[in-house]
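Presented below is the structure to which this report refers.
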Amino acid sequence: MAEQGVDVCLLSVGPDLPWLTGYEAMPLERLTMLVVPRDAHATLVVPELERPRVRPRDDIFAIRSWGETEDPIAIVANLIGTASQAAIGERTWARFLVELQNARPDLVFETTASVIGPLRAVKDQSEVQALRRAADAVDRIAAQLQAGDIPLIGRTEAEVSADIGRRILAEGHHRVNFAIVAAGENAASPHHEPGSRVIQPNEVVLCDFGGTMADDDGVGYCSDITRCVVTGSPSSRMTEVYEVLQFAEAAGRAAGGPGVPAEDVDSATRTIIDAAGFGQWFMHRTGHGIGVEEHEDPYIVLGNSLPLQVGNAYSVEPGIYLPDEFGFRLEDILVVTETGSESITNANRSLLSVEA
Ligand code: ZN
Ligand code: ZN
């Protein structure tokens with residue numbers, strides 16, 4: 001905060017608060033806000049009826065609960081004191097920011113991205129452990145998919161998505177974040193919403209799924225993986241396209257390491273897909289950071305020249321999406337080590353045929 005010239009951080013809903021304290025604010029109309037002055041003890045302003053959910057951490061923050069007839073904005077404004085530069089979590093509801101601006105028109109706001117973003121992007125050992133536990137869990141589900149343990153043919157995408165969601169919880173996550181299941185031509189839509197389409201023989205089924213798994217302190221870390229299978233025999237066109245993608249993804253995984261600009265990892269996958277003539281069908285960035293949020297810094301995208309650092313965790317997930325035909329994406333999560341980048345998801349990366 002001193003480096004950034006920030007006098008006070010204000011954290012409400014969103015990942016910064018649980019990352020710092022282990023307490024996650026309810027996304028409600030009643031304000032929860034941790035006020036963190038640069039030079040004084042932090043205070044958690046929390047609705048009285050939610051106080052029982054707070055595990056007291058006197059070493060980290062004091063608790064100021066507020067009753068139904070009190071004005072929490074006034075309480076926060078009072079705690080802000082004479083500060084002139086505030087950093088507020090970017091997921092904070094606009095309503096609360098506007099009310100704070102009205103209460104303290106002199107206060108200048110920025111987001112906590114400049115203060116907490118760089119801290120969250122570098123994972124310590126316990127965070128890497130938590131990410132590994134979550135990655136191992138989705139690796140096992142991917143292996144179940146590839147082994148034919150998850151029935152596909154004759155089920156709808158939505159049914160398979162619900163099945164994968166149950167497995168995400170059964171493998172120890174406390175929350176399902178997403179379970180994209182896209183069959184056939186639907187796989188050409190990167191963020192397809194699983195629906196009523198029934199999965200047929202001999203088609204691509206793209207599965208991209210992940211959840212959040214609480215660590216020992218109650219802070220949740222995310223998993224994220226994509227694998228594609230074919231319900232029968234892949235066509236020669238599928239095989240040709242997938243080979244390009246698999247080669248590109250491997251190049252992306254090999255490209256990372258300390259000091260490597262994030263955009264170089266993007267270039268590593270894109271160059272190969274471009275050279276094979278599929279460049280226009282790879283329309284998204286190569287990856288994203290991952291931690292307490294499923295998408296966070298560092299983003300693996302052209303234009304992000306920031307060098308990767310030891311402890312960064314990020315996805316490599318190139319895709320090739322052929323409209324009205326099919327699509328493929330292959331996604332792994334990597335952690336930057338002293339010598340390179342290590343993939344912490346490791347399910348088979350080949351295009352497997354499944355009898356399911
Ligand atoms: Zn991802
Ligand atoms: Zn994903």
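Residue numbers start at 1 in each chain; chains themselves are named A, B, ... in the order of the structure tokens; ligands are numbered from 1 in the order shown.
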
If we count only C-alpha atoms and set the cut-off at 10 Å, which residues sit around Leu351 (chain A), ignoring sequence neighbours fewer than 3 positions away in its own chain? Please answer as a PDB file with N, CA, C and O atoms, in the first residue's frame.
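Produced file part_25.pdb, reproduced below:
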ATOM      1  N   GLN A 146     -12.166 -40.355 -19.881  1.00  0.00           N
ATOM      2  CA  GLN A 146     -11.398 -41.011 -20.940  1.00  0.00           C
ATOM      3  C   GLN A 146     -11.507 -42.530 -20.868  1.00  0.00           C
ATOM      4  O   GLN A 146     -11.336 -43.220 -21.869  1.00  0.00           O
ATOM      5  N   VAL A 204     -17.321 -35.462 -31.413  1.00  0.00           N
ATOM      6  CA  VAL A 204     -16.463 -34.861 -30.394  1.00  0.00           C
ATOM      7  C   VAL A 204     -17.317 -34.471 -29.193  1.00  0.00           C
ATOM      8  O   VAL A 204     -18.403 -33.916 -29.345  1.00  0.00           O
ATOM      9  N   ARG A 227     -10.614 -31.590 -21.491  1.00  0.00           N
ATOM     10  CA  ARG A 227     -10.254 -32.735 -22.322  1.00  0.00           C
ATOM     11  C   ARG A 227     -11.392 -32.993 -23.302  1.00  0.00           C
ATOM     12  O   ARG A 227     -12.558 -32.747 -22.977  1.00  0.00           O
ATOM     13  N   CYS A 228     -11.026 -33.479 -24.483  1.00  0.00           N
ATOM     14  CA  CYS A 228     -12.013 -33.857 -25.488  1.00  0.00           C
ATOM     15  C   CYS A 228     -11.909 -35.354 -25.740  1.00  0.00           C
ATOM     16  O   CYS A 228     -10.810 -35.917 -25.707  1.00  0.00           O
ATOM     17  N   VAL A 229     -13.044 -35.984 -25.981  1.00  0.00           N
ATOM     18  CA  VAL A 229     -13.055 -37.398 -26.373  1.00  0.00           C
ATOM     19  C   VAL A 229     -13.947 -37.520 -27.616  1.00  0.00           C
ATOM     20  O   VAL A 229     -14.689 -36.604 -27.969  1.00  0.00           O
ATOM     21  N   VAL A 230     -13.840 -38.667 -28.286  1.00  0.00           N
ATOM     22  CA  VAL A 230     -14.722 -38.969 -29.414  1.00  0.00           C
ATOM     23  C   VAL A 230     -15.511 -40.220 -29.065  1.00  0.00           C
ATOM     24  O   VAL A 230     -14.940 -41.216 -28.602  1.00  0.00           O
ATOM     25  N   PRO A 234     -12.728 -41.223 -34.438  1.00  0.00           N
ATOM     26  CA  PRO A 234     -12.543 -39.869 -34.971  1.00  0.00           C
ATOM     27  C   PRO A 234     -12.394 -39.912 -36.488  1.00  0.00           C
ATOM     28  O   PRO A 234     -11.821 -40.858 -37.032  1.00  0.00           O
ATOM     29  N   MET A 238     -10.873 -34.789 -37.851  1.00  0.00           N
ATOM     30  CA  MET A 238     -10.713 -34.599 -36.401  1.00  0.00           C
ATOM     31  C   MET A 238      -9.268 -34.890 -35.987  1.00  0.00           C
ATOM     32  O   MET A 238      -8.670 -34.125 -35.226  1.00  0.00           O
ATOM     33  N   THR A 239      -8.749 -35.979 -36.487  1.00  0.00           N
ATOM     34  CA  THR A 239      -7.380 -36.371 -36.107  1.00  0.00           C
ATOM     35  C   THR A 239      -6.375 -35.311 -36.539  1.00  0.00           C
ATOM     36  O   THR A 239      -5.488 -34.925 -35.767  1.00  0.00           O
ATOM     37  N   TYR A 242      -6.795 -32.165 -34.337  1.00  0.00           N
ATOM     38  CA  TYR A 242      -6.379 -32.379 -32.946  1.00  0.00           C
ATOM     39  C   TYR A 242      -4.863 -32.460 -32.827  1.00  0.00           C
ATOM     40  O   TYR A 242      -4.289 -31.995 -31.842  1.00  0.00           O
ATOM     41  N   GLU A 243      -4.214 -33.061 -33.835  1.00  0.00           N
ATOM     42  CA  GLU A 243      -2.743 -33.150 -33.795  1.00  0.00           C
ATOM     43  C   GLU A 243      -2.117 -31.758 -33.735  1.00  0.00           C
ATOM     44  O   GLU A 243      -1.152 -31.536 -32.999  1.00  0.00           O
ATOM     45  N   GLN A 246      -2.763 -30.386 -30.179  1.00  0.00           N
ATOM     46  CA  GLN A 246      -1.949 -31.048 -29.146  1.00  0.00           C
ATOM     47  C   GLN A 246      -0.504 -30.546 -29.212  1.00  0.00           C
ATOM     48  O   GLN A 246       0.134 -30.308 -28.177  1.00  0.00           O
ATOM     49  N   PHE A 328     -12.168 -28.201 -30.680  1.00  0.00           N
ATOM     50  CA  PHE A 328     -11.322 -28.837 -29.672  1.00  0.00           C
ATOM     51  C   PHE A 328     -10.679 -27.770 -28.805  1.00  0.00           C
ATOM     52  O   PHE A 328     -10.272 -26.708 -29.313  1.00  0.00           O
ATOM     53  N   LEU A 330      -7.713 -27.899 -25.436  1.00  0.00           N
ATOM     54  CA  LEU A 330      -6.911 -28.757 -24.548  1.00  0.00           C
ATOM     55  C   LEU A 330      -6.321 -27.827 -23.501  1.00  0.00           C
ATOM     56  O   LEU A 330      -5.665 -26.845 -23.846  1.00  0.00           O
ATOM     57  N   ASN A 348      -4.274 -37.814 -19.584  1.00  0.00           N
ATOM     58  CA  ASN A 348      -3.869 -38.115 -20.959  1.00  0.00           C
ATOM     59  C   ASN A 348      -4.304 -36.995 -21.914  1.00  0.00           C
ATOM     60  O   ASN A 348      -5.450 -36.549 -21.872  1.00  0.00           O
ATOM     61  N   VAL A 354     -13.899 -43.232 -26.811  1.00  0.00           N
ATOM     62  CA  VAL A 354     -14.505 -43.855 -25.633  1.00  0.00           C
ATOM     63  C   VAL A 354     -15.738 -44.664 -26.060  1.00  0.00           C
ATOM     64  O   VAL A 354     -16.466 -44.286 -26.972  1.00  0.00           O
TER      65      VAL A 354
END

*region 74-78 of chain A surroundings by only C-alpha atoms, 8 Å radius, close-in-sequence under 6 positions cut, as a list of chain:residue names*: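 Near neighbours after the sequence-gap exclusion: A:Met33, A:Val35, A:Val45, A:Leu100, A:Ala103, A:Arg104.
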
Closest contacts (chain A/ligand 2, max 8 Å, only C-alpha atoms and all ligand atoms) as a tab-separated table:
residue	atom	partner	partner_atom_place_in_ligand_line	distance
A:Asp208	CA	ligand 2	1 (Zn)	4.8
A:Phe209	CA	ligand 2	1 (Zn)	5.7
A:Gly210	CA	ligand 2	1 (Zn)	6.9
A:Asp224	CA	ligand 2	1 (Zn)	4.7
A:Ile225	CA	ligand 2	1 (Zn)	4.9
A:Thr226	CA	ligand 2	1 (Zn)	5.5
A:Glu317	CA	ligand 2	1 (Zn)	7.4
A:Glu331	CA	ligand 2	1 (Zn)	6.4

*Fewer than 4 positions away in the same chain doesn't count, so skip those; otherwise give me all residues within 10 Å of Asp332 (chain A), counting only C-alpha atoms, as a PyMOL selection string.*
chain A and resi 135+139+223-227+249-250+252-253+287+314-318+342-347+349

_Applying 10 Å and only C-alpha atoms, which residues near Asp16 (chain A) remain after dropping the ones on its own chain fewer than 3 positions away? List them as a ChimeraX atom specification._
/A:10-13,19-24,34,88-91,112-113,116-117,120,292-293

Go ahead and dump the residues you just picked, N, CA, C and O atoms, as a PDB file, in the first residue's frame.
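Now in result.pdb:
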ATOM      1  N   LEU A  10     -10.374  -1.372   0.898  1.00  0.00           N
ATOM      2  CA  LEU A  10     -11.764  -1.658   1.255  1.00  0.00           C
ATOM      3  C   LEU A  10     -12.198  -2.925   0.519  1.00  0.00           C
ATOM      4  O   LEU A  10     -12.275  -2.935  -0.717  1.00  0.00           O
ATOM      5  N   LEU A  11     -12.472  -3.989   1.286  1.00  0.00           N
ATOM      6  CA  LEU A  11     -12.730  -5.283   0.656  1.00  0.00           C
ATOM      7  C   LEU A  11     -14.095  -5.802   1.057  1.00  0.00           C
ATOM      8  O   LEU A  11     -14.405  -5.910   2.245  1.00  0.00           O
ATOM      9  N   SER A  12     -14.891  -6.140   0.055  1.00  0.00           N
ATOM     10  CA  SER A  12     -16.239  -6.632   0.306  1.00  0.00           C
ATOM     11  C   SER A  12     -16.402  -8.002  -0.353  1.00  0.00           C
ATOM     12  O   SER A  12     -15.530  -8.871  -0.179  1.00  0.00           O
ATOM     13  N   VAL A  13     -17.484  -8.228  -1.108  1.00  0.00           N
ATOM     14  CA  VAL A  13     -17.598  -9.500  -1.821  1.00  0.00           C
ATOM     15  C   VAL A  13     -16.442  -9.605  -2.811  1.00  0.00           C
ATOM     16  O   VAL A  13     -15.803  -8.609  -3.128  1.00  0.00           O
ATOM     17  N   TRP A  19      -9.170 -14.381   0.640  1.00  0.00           N
ATOM     18  CA  TRP A  19      -7.744 -14.685   0.459  1.00  0.00           C
ATOM     19  C   TRP A  19      -6.931 -14.144   1.635  1.00  0.00           C
ATOM     20  O   TRP A  19      -5.995 -14.777   2.112  1.00  0.00           O
ATOM     21  N   LEU A  20      -7.341 -12.940   2.143  1.00  0.00           N
ATOM     22  CA  LEU A  20      -6.582 -12.323   3.226  1.00  0.00           C
ATOM     23  C   LEU A  20      -6.987 -12.829   4.609  1.00  0.00           C
ATOM     24  O   LEU A  20      -6.166 -12.866   5.520  1.00  0.00           O
ATOM     25  N   THR A  21      -8.266 -13.192   4.771  1.00  0.00           N
ATOM     26  CA  THR A  21      -8.772 -13.444   6.129  1.00  0.00           C
ATOM     27  C   THR A  21      -9.402 -14.815   6.323  1.00  0.00           C
ATOM     28  O   THR A  21      -9.647 -15.218   7.457  1.00  0.00           O
ATOM     29  N   GLY A  22      -9.724 -15.525   5.245  1.00  0.00           N
ATOM     30  CA  GLY A  22     -10.457 -16.781   5.373  1.00  0.00           C
ATOM     31  C   GLY A  22     -11.959 -16.574   5.481  1.00  0.00           C
ATOM     32  O   GLY A  22     -12.714 -17.539   5.533  1.00  0.00           O
ATOM     33  N   TYR A  23     -12.416 -15.323   5.495  1.00  0.00           N
ATOM     34  CA  TYR A  23     -13.857 -15.050   5.596  1.00  0.00           C
ATOM     35  C   TYR A  23     -14.386 -14.547   4.263  1.00  0.00           C
ATOM     36  O   TYR A  23     -13.832 -13.619   3.664  1.00  0.00           O
ATOM     37  N   GLU A  24     -15.468 -15.174   3.802  1.00  0.00           N
ATOM     38  CA  GLU A  24     -16.071 -14.772   2.540  1.00  0.00           C
ATOM     39  C   GLU A  24     -17.373 -14.030   2.817  1.00  0.00           C
ATOM     40  O   GLU A  24     -18.251 -14.547   3.511  1.00  0.00           O
ATOM     41  N   LEU A  34     -14.180  -5.130   4.871  1.00  0.00           N
ATOM     42  CA  LEU A  34     -12.966  -5.074   5.673  1.00  0.00           C
ATOM     43  C   LEU A  34     -12.257  -3.760   5.348  1.00  0.00           C
ATOM     44  O   LEU A  34     -11.938  -3.494   4.182  1.00  0.00           O
ATOM     45  N   ILE A  88     -10.321  -0.186  -3.631  1.00  0.00           N
ATOM     46  CA  ILE A  88     -11.530  -0.955  -3.334  1.00  0.00           C
ATOM     47  C   ILE A  88     -11.590  -2.183  -4.243  1.00  0.00           C
ATOM     48  O   ILE A  88     -11.178  -2.114  -5.416  1.00  0.00           O
ATOM     49  N   GLY A  89     -12.042  -3.310  -3.681  1.00  0.00           N
ATOM     50  CA  GLY A  89     -12.127  -4.539  -4.468  1.00  0.00           C
ATOM     51  C   GLY A  89     -13.007  -4.355  -5.687  1.00  0.00           C
ATOM     52  O   GLY A  89     -14.076  -3.739  -5.603  1.00  0.00           O
ATOM     53  N   GLU A  90     -12.580  -4.873  -6.830  1.00  0.00           N
ATOM     54  CA  GLU A  90     -13.301  -4.550  -8.069  1.00  0.00           C
ATOM     55  C   GLU A  90     -14.641  -5.263  -8.167  1.00  0.00           C
ATOM     56  O   GLU A  90     -15.481  -4.904  -8.976  1.00  0.00           O
ATOM     57  N   ARG A  91     -14.877  -6.262  -7.308  1.00  0.00           N
ATOM     58  CA  ARG A  91     -16.182  -6.935  -7.330  1.00  0.00           C
ATOM     59  C   ARG A  91     -17.186  -6.294  -6.369  1.00  0.00           C
ATOM     60  O   ARG A  91     -18.296  -6.759  -6.243  1.00  0.00           O
ATOM     61  N   THR A 112      -8.229  -2.590  -5.988  1.00  0.00           N
ATOM     62  CA  THR A 112      -7.162  -3.273  -5.260  1.00  0.00           C
ATOM     63  C   THR A 112      -6.245  -4.071  -6.191  1.00  0.00           C
ATOM     64  O   THR A 112      -5.286  -4.683  -5.727  1.00  0.00           O
ATOM     65  N   ALA A 113      -6.560  -4.055  -7.504  1.00  0.00           N
ATOM     66  CA  ALA A 113      -5.730  -4.824  -8.446  1.00  0.00           C
ATOM     67  C   ALA A 113      -4.258  -4.438  -8.322  1.00  0.00           C
ATOM     68  O   ALA A 113      -3.373  -5.291  -8.449  1.00  0.00           O
ATOM     69  N   ILE A 116      -3.297  -5.799  -4.255  1.00  0.00           N
ATOM     70  CA  ILE A 116      -3.457  -7.204  -3.884  1.00  0.00           C
ATOM     71  C   ILE A 116      -3.228  -8.129  -5.085  1.00  0.00           C
ATOM     72  O   ILE A 116      -2.773  -9.257  -4.919  1.00  0.00           O
ATOM     73  N   GLY A 117      -3.489  -7.617  -6.290  1.00  0.00           N
ATOM     74  CA  GLY A 117      -3.303  -8.432  -7.496  1.00  0.00           C
ATOM     75  C   GLY A 117      -1.922  -9.056  -7.588  1.00  0.00           C
ATOM     76  O   GLY A 117      -1.801 -10.283  -7.732  1.00  0.00           O
ATOM     77  N   ARG A 120      -1.498 -11.798  -4.924  1.00  0.00           N
ATOM     78  CA  ARG A 120      -2.247 -13.020  -5.178  1.00  0.00           C
ATOM     79  C   ARG A 120      -1.674 -13.804  -6.349  1.00  0.00           C
ATOM     80  O   ARG A 120      -1.809 -15.024  -6.421  1.00  0.00           O
ATOM     81  N   VAL A 292      -7.507 -18.305  -6.046  1.00  0.00           N
ATOM     82  CA  VAL A 292      -8.807 -18.258  -5.393  1.00  0.00           C
ATOM     83  C   VAL A 292      -9.901 -17.887  -6.394  1.00  0.00           C
ATOM     84  O   VAL A 292     -11.080 -18.133  -6.159  1.00  0.00           O
ATOM     85  N   GLU A 293      -9.509 -17.297  -7.504  1.00  0.00           N
ATOM     86  CA  GLU A 293     -10.445 -17.068  -8.610  1.00  0.00           C
ATOM     87  C   GLU A 293     -10.091 -17.990  -9.762  1.00  0.00           C
ATOM     88  O   GLU A 293      -8.907 -18.266 -10.002  1.00  0.00           O
TER      89      GLU A 293
END

*Determine, counting only C-alpha atoms, which protein, DNA and RNA residues have an atom within 10 Å of an atom of Ala356 (chain A); residues of the same chain fewer than 6 positions away are not included. Present the result as a ChimeraX atom specification.*
/A:145-154,201,230-232

Go ahead and write the selection's residues with N, CA and C atoms as a PDB file, in the first residue's frame.
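Written out: part.pdb:
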ATOM      1  N   LEU A 145     -13.599 -39.855 -17.517  1.00  0.00           N
ATOM      2  CA  LEU A 145     -14.187 -39.539 -18.830  1.00  0.00           C
ATOM      3  C   LEU A 145     -13.502 -40.352 -19.924  1.00  0.00           C
ATOM      4  N   GLN A 146     -12.166 -40.355 -19.881  1.00  0.00           N
ATOM      5  CA  GLN A 146     -11.398 -41.011 -20.940  1.00  0.00           C
ATOM      6  C   GLN A 146     -11.507 -42.530 -20.868  1.00  0.00           C
ATOM      7  N   ALA A 147     -11.787 -43.056 -19.677  1.00  0.00           N
ATOM      8  CA  ALA A 147     -11.924 -44.509 -19.517  1.00  0.00           C
ATOM      9  C   ALA A 147     -13.324 -45.001 -19.884  1.00  0.00           C
ATOM     10  N   GLY A 148     -14.211 -44.062 -20.192  1.00  0.00           N
ATOM     11  CA  GLY A 148     -15.575 -44.459 -20.526  1.00  0.00           C
ATOM     12  C   GLY A 148     -16.452 -44.675 -19.308  1.00  0.00           C
ATOM     13  N   ASP A 149     -16.010 -44.194 -18.145  1.00  0.00           N
ATOM     14  CA  ASP A 149     -16.799 -44.360 -16.918  1.00  0.00           C
ATOM     15  C   ASP A 149     -17.960 -43.356 -16.821  1.00  0.00           C
ATOM     16  N   ILE A 150     -17.914 -42.323 -17.647  1.00  0.00           N
ATOM     17  CA  ILE A 150     -19.000 -41.341 -17.644  1.00  0.00           C
ATOM     18  C   ILE A 150     -19.832 -41.578 -18.906  1.00  0.00           C
ATOM     19  N   PRO A 151     -21.049 -42.100 -18.772  1.00  0.00           N
ATOM     20  CA  PRO A 151     -21.860 -42.390 -19.961  1.00  0.00           C
ATOM     21  C   PRO A 151     -22.089 -41.125 -20.786  1.00  0.00           C
ATOM     22  N   LEU A 152     -21.985 -41.257 -22.107  1.00  0.00           N
ATOM     23  CA  LEU A 152     -22.122 -40.104 -23.002  1.00  0.00           C
ATOM     24  C   LEU A 152     -23.237 -40.321 -24.030  1.00  0.00           C
ATOM     25  N   ILE A 153     -23.122 -41.338 -24.860  1.00  0.00           N
ATOM     26  CA  ILE A 153     -24.068 -41.520 -25.967  1.00  0.00           C
ATOM     27  C   ILE A 153     -25.485 -41.716 -25.421  1.00  0.00           C
ATOM     28  N   GLY A 154     -26.413 -40.939 -25.973  1.00  0.00           N
ATOM     29  CA  GLY A 154     -27.809 -41.052 -25.557  1.00  0.00           C
ATOM     30  C   GLY A 154     -28.184 -40.121 -24.414  1.00  0.00           C
ATOM     31  N   PRO A 201     -23.168 -41.165 -31.474  1.00  0.00           N
ATOM     32  CA  PRO A 201     -21.912 -41.872 -31.740  1.00  0.00           C
ATOM     33  C   PRO A 201     -21.018 -41.075 -32.697  1.00  0.00           C
ATOM     34  N   VAL A 230     -13.840 -38.667 -28.286  1.00  0.00           N
ATOM     35  CA  VAL A 230     -14.722 -38.969 -29.414  1.00  0.00           C
ATOM     36  C   VAL A 230     -15.511 -40.220 -29.065  1.00  0.00           C
ATOM     37  N   THR A 231     -16.819 -40.147 -29.264  1.00  0.00           N
ATOM     38  CA  THR A 231     -17.685 -41.287 -28.932  1.00  0.00           C
ATOM     39  C   THR A 231     -17.667 -42.290 -30.095  1.00  0.00           C
ATOM     40  N   GLY A 232     -16.549 -42.958 -30.254  1.00  0.00           N
ATOM     41  CA  GLY A 232     -16.389 -43.895 -31.366  1.00  0.00           C
ATOM     42  C   GLY A 232     -15.112 -43.580 -32.106  1.00  0.00           C
TER      43      GLY A 232
END

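Reported to one decimal place, the separation of CA of Pro258 (chain A) from CA of Gly340 (chain A) is 6.4 Å.
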
*Return the single residue from A:Leu352, A:Ala276, A:Ala170, A:Met1 that is closest to Ser233 (chain A), with distances computed using only C-alpha atoms.*
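Comparing A:Leu352, A:Ala276, A:Ala170, A:Met1 against Ser233 (chain A), the winner is A:Leu352.
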
*Per DSSP on the backbone, filter region 161-257 of chain A down to the residues in strand (DSSP E) and report them as a list in words.*
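The strand (DSSP E) subset of region 161-257 of chain A is Arg175, Val176, Asn177, Phe178, Ala179, Ile180, Val181, Ala182, Ala183, Val204, Val205, Leu206, Cys207, Asp208, Phe209, Gly210, Gly211, Thr212, Met213, Ala214, Gly220, Tyr221, Cys222, Ile225, Thr226, Arg227, Cys228, Val229 and Val230 of chain A.
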
Would you mind exporting N, CA and C atoms of the selected residues as a short mmCIF file (atom, residue, chain, number, x, y, z; two decimals), in the first residue's frame?
data_model
loop_
_atom_site.label_atom_id
_atom_site.label_comp_id
_atom_site.auth_asym_id
_atom_site.auth_seq_id
_atom_site.Cartn_x
_atom_site.Cartn_y
_atom_site.Cartn_z
N ARG A 175 -17.34 -26.51 -4.18
CA ARG A 175 -18.18 -25.75 -5.11
C ARG A 175 -17.85 -26.15 -6.54
N VAL A 176 -18.89 -26.27 -7.36
CA VAL A 176 -18.71 -26.47 -8.80
C VAL A 176 -18.70 -25.09 -9.45
N ASN A 177 -17.65 -24.78 -10.19
CA ASN A 177 -17.63 -23.48 -10.85
C ASN A 177 -18.23 -23.54 -12.25
N PHE A 178 -17.94 -24.59 -12.98
CA PHE A 178 -18.52 -24.75 -14.32
C PHE A 178 -18.24 -26.18 -14.77
N ALA A 179 -19.10 -26.68 -15.63
CA ALA A 179 -18.87 -27.98 -16.28
C ALA A 179 -19.44 -27.87 -17.68
N ILE A 180 -18.60 -27.33 -18.57
CA ILE A 180 -19.02 -27.19 -19.97
C ILE A 180 -18.96 -28.57 -20.62
N VAL A 181 -20.06 -28.98 -21.23
CA VAL A 181 -20.08 -30.19 -22.05
C VAL A 181 -20.66 -29.77 -23.39
N ALA A 182 -19.88 -29.93 -24.45
CA ALA A 182 -20.31 -29.48 -25.78
C ALA A 182 -20.07 -30.61 -26.77
N ALA A 183 -21.14 -31.02 -27.43
CA ALA A 183 -21.04 -32.17 -28.35
C ALA A 183 -21.14 -31.71 -29.80
N VAL A 204 -17.32 -35.46 -31.41
CA VAL A 204 -16.46 -34.86 -30.39
C VAL A 204 -17.32 -34.47 -29.19
N VAL A 205 -16.82 -34.76 -27.99
CA VAL A 205 -17.43 -34.21 -26.78
C VAL A 205 -16.33 -33.46 -26.03
N LEU A 206 -16.51 -32.13 -25.95
CA LEU A 206 -15.54 -31.27 -25.26
C LEU A 206 -16.03 -31.06 -23.83
N CYS A 207 -15.18 -31.34 -22.86
CA CYS A 207 -15.54 -31.16 -21.44
C CYS A 207 -14.52 -30.25 -20.77
N ASP A 208 -14.98 -29.12 -20.26
CA ASP A 208 -14.13 -28.14 -19.58
C ASP A 208 -14.76 -27.89 -18.22
N PHE A 209 -14.08 -28.29 -17.17
CA PHE A 209 -14.75 -28.24 -15.86
C PHE A 209 -13.76 -27.90 -14.74
N GLY A 210 -14.34 -27.40 -13.66
CA GLY A 210 -13.51 -27.05 -12.50
C GLY A 210 -14.37 -26.63 -11.33
N GLY A 211 -13.76 -26.62 -10.17
CA GLY A 211 -14.45 -26.22 -8.96
C GLY A 211 -13.49 -25.52 -8.03
N THR A 212 -13.99 -25.25 -6.83
CA THR A 212 -13.17 -24.62 -5.80
C THR A 212 -13.08 -25.58 -4.62
N MET A 213 -11.87 -25.75 -4.11
CA MET A 213 -11.62 -26.70 -3.02
C MET A 213 -10.98 -25.94 -1.86
N ALA A 214 -11.61 -26.01 -0.69
CA ALA A 214 -11.11 -25.26 0.45
C ALA A 214 -9.80 -25.85 0.97
N GLY A 220 -10.61 -21.14 -0.54
CA GLY A 220 -10.79 -22.07 -1.65
C GLY A 220 -9.87 -21.78 -2.81
N TYR A 221 -9.29 -22.83 -3.40
CA TYR A 221 -8.47 -22.71 -4.60
C TYR A 221 -9.12 -23.50 -5.74
N CYS A 222 -8.94 -22.99 -6.96
CA CYS A 222 -9.72 -23.47 -8.10
C CYS A 222 -8.98 -24.51 -8.93
N ILE A 225 -9.77 -27.76 -16.08
CA ILE A 225 -9.14 -28.67 -17.04
C ILE A 225 -10.08 -28.84 -18.23
N THR A 226 -9.52 -29.03 -19.40
CA THR A 226 -10.33 -29.39 -20.57
C THR A 226 -9.75 -30.62 -21.25
N ARG A 227 -10.61 -31.59 -21.49
CA ARG A 227 -10.25 -32.73 -22.32
C ARG A 227 -11.39 -32.99 -23.30
N CYS A 228 -11.03 -33.48 -24.48
CA CYS A 228 -12.01 -33.86 -25.49
C CYS A 228 -11.91 -35.35 -25.74
N VAL A 229 -13.04 -35.98 -25.98
CA VAL A 229 -13.06 -37.40 -26.37
C VAL A 229 -13.95 -37.52 -27.62
N VAL A 230 -13.84 -38.67 -28.29
CA VAL A 230 -14.72 -38.97 -29.41
C VAL A 230 -15.51 -40.22 -29.07
#

*Please, which residues of region 219-350 of chain A, numbered as in this document, come out helix (DSSP H, G or I) from DSSP, as a PyMOL selection string?*
chain A and resi 236-255+262-275+279-281

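One finds CA of Ser65 (chain A) at 6.6 Å from CA of Arg51 (chain A).
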
*Which polymer residues have any atom within 8 Å of an atom of Gly184 (chain A), counting only C-alpha atoms, with same-chain residues fewer than 4 positions away left out, as a ChimeraX atom specification?*
/A:188,199,203-205,325-327

Write a file of the just-selected residues containing N, CA, C and O atoms, as a short mmCIF file (atom, residue, chain, number, x, y, z; two decimals), in the first residue's frame.
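Result went into result_30.cif, see below:
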data_model
loop_
_atom_site.label_atom_id
_atom_site.label_comp_id
_atom_site.auth_asym_id
_atom_site.auth_seq_id
_atom_site.Cartn_x
_atom_site.Cartn_y
_atom_site.Cartn_z
N ALA A 188 -17.78 -26.17 -31.19
CA ALA A 188 -17.15 -25.04 -31.87
C ALA A 188 -17.45 -23.72 -31.17
O ALA A 188 -16.93 -22.67 -31.57
N ILE A 199 -26.10 -36.58 -27.11
CA ILE A 199 -24.80 -36.96 -27.65
C ILE A 199 -24.94 -38.22 -28.51
O ILE A 199 -25.59 -39.19 -28.11
N GLU A 203 -18.86 -38.61 -32.41
CA GLU A 203 -18.69 -37.16 -32.41
C GLU A 203 -17.80 -36.71 -31.24
O GLU A 203 -17.55 -37.44 -30.28
N VAL A 204 -17.32 -35.46 -31.41
CA VAL A 204 -16.46 -34.86 -30.39
C VAL A 204 -17.32 -34.47 -29.19
O VAL A 204 -18.40 -33.92 -29.35
N VAL A 205 -16.82 -34.76 -27.99
CA VAL A 205 -17.43 -34.21 -26.78
C VAL A 205 -16.33 -33.46 -26.03
O VAL A 205 -15.33 -34.05 -25.60
N GLU A 325 -18.94 -27.64 -37.57
CA GLU A 325 -18.31 -28.96 -37.61
C GLU A 325 -18.11 -29.49 -36.19
O GLU A 325 -18.89 -30.27 -35.67
N PHE A 326 -17.04 -29.03 -35.58
CA PHE A 326 -16.70 -29.45 -34.21
C PHE A 326 -15.64 -28.49 -33.70
O PHE A 326 -15.17 -27.61 -34.44
N GLY A 327 -15.25 -28.65 -32.47
CA GLY A 327 -14.19 -27.83 -31.92
C GLY A 327 -13.39 -28.64 -30.91
O GLY A 327 -13.88 -29.66 -30.38
#

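With only C-alpha atoms and all ligand atoms as the atoms that count, the minimum distance from ligand 1 to the choices A:Thr286, A:Ser126, A:Ser341, A:Asn186 is reached by A:Thr286.
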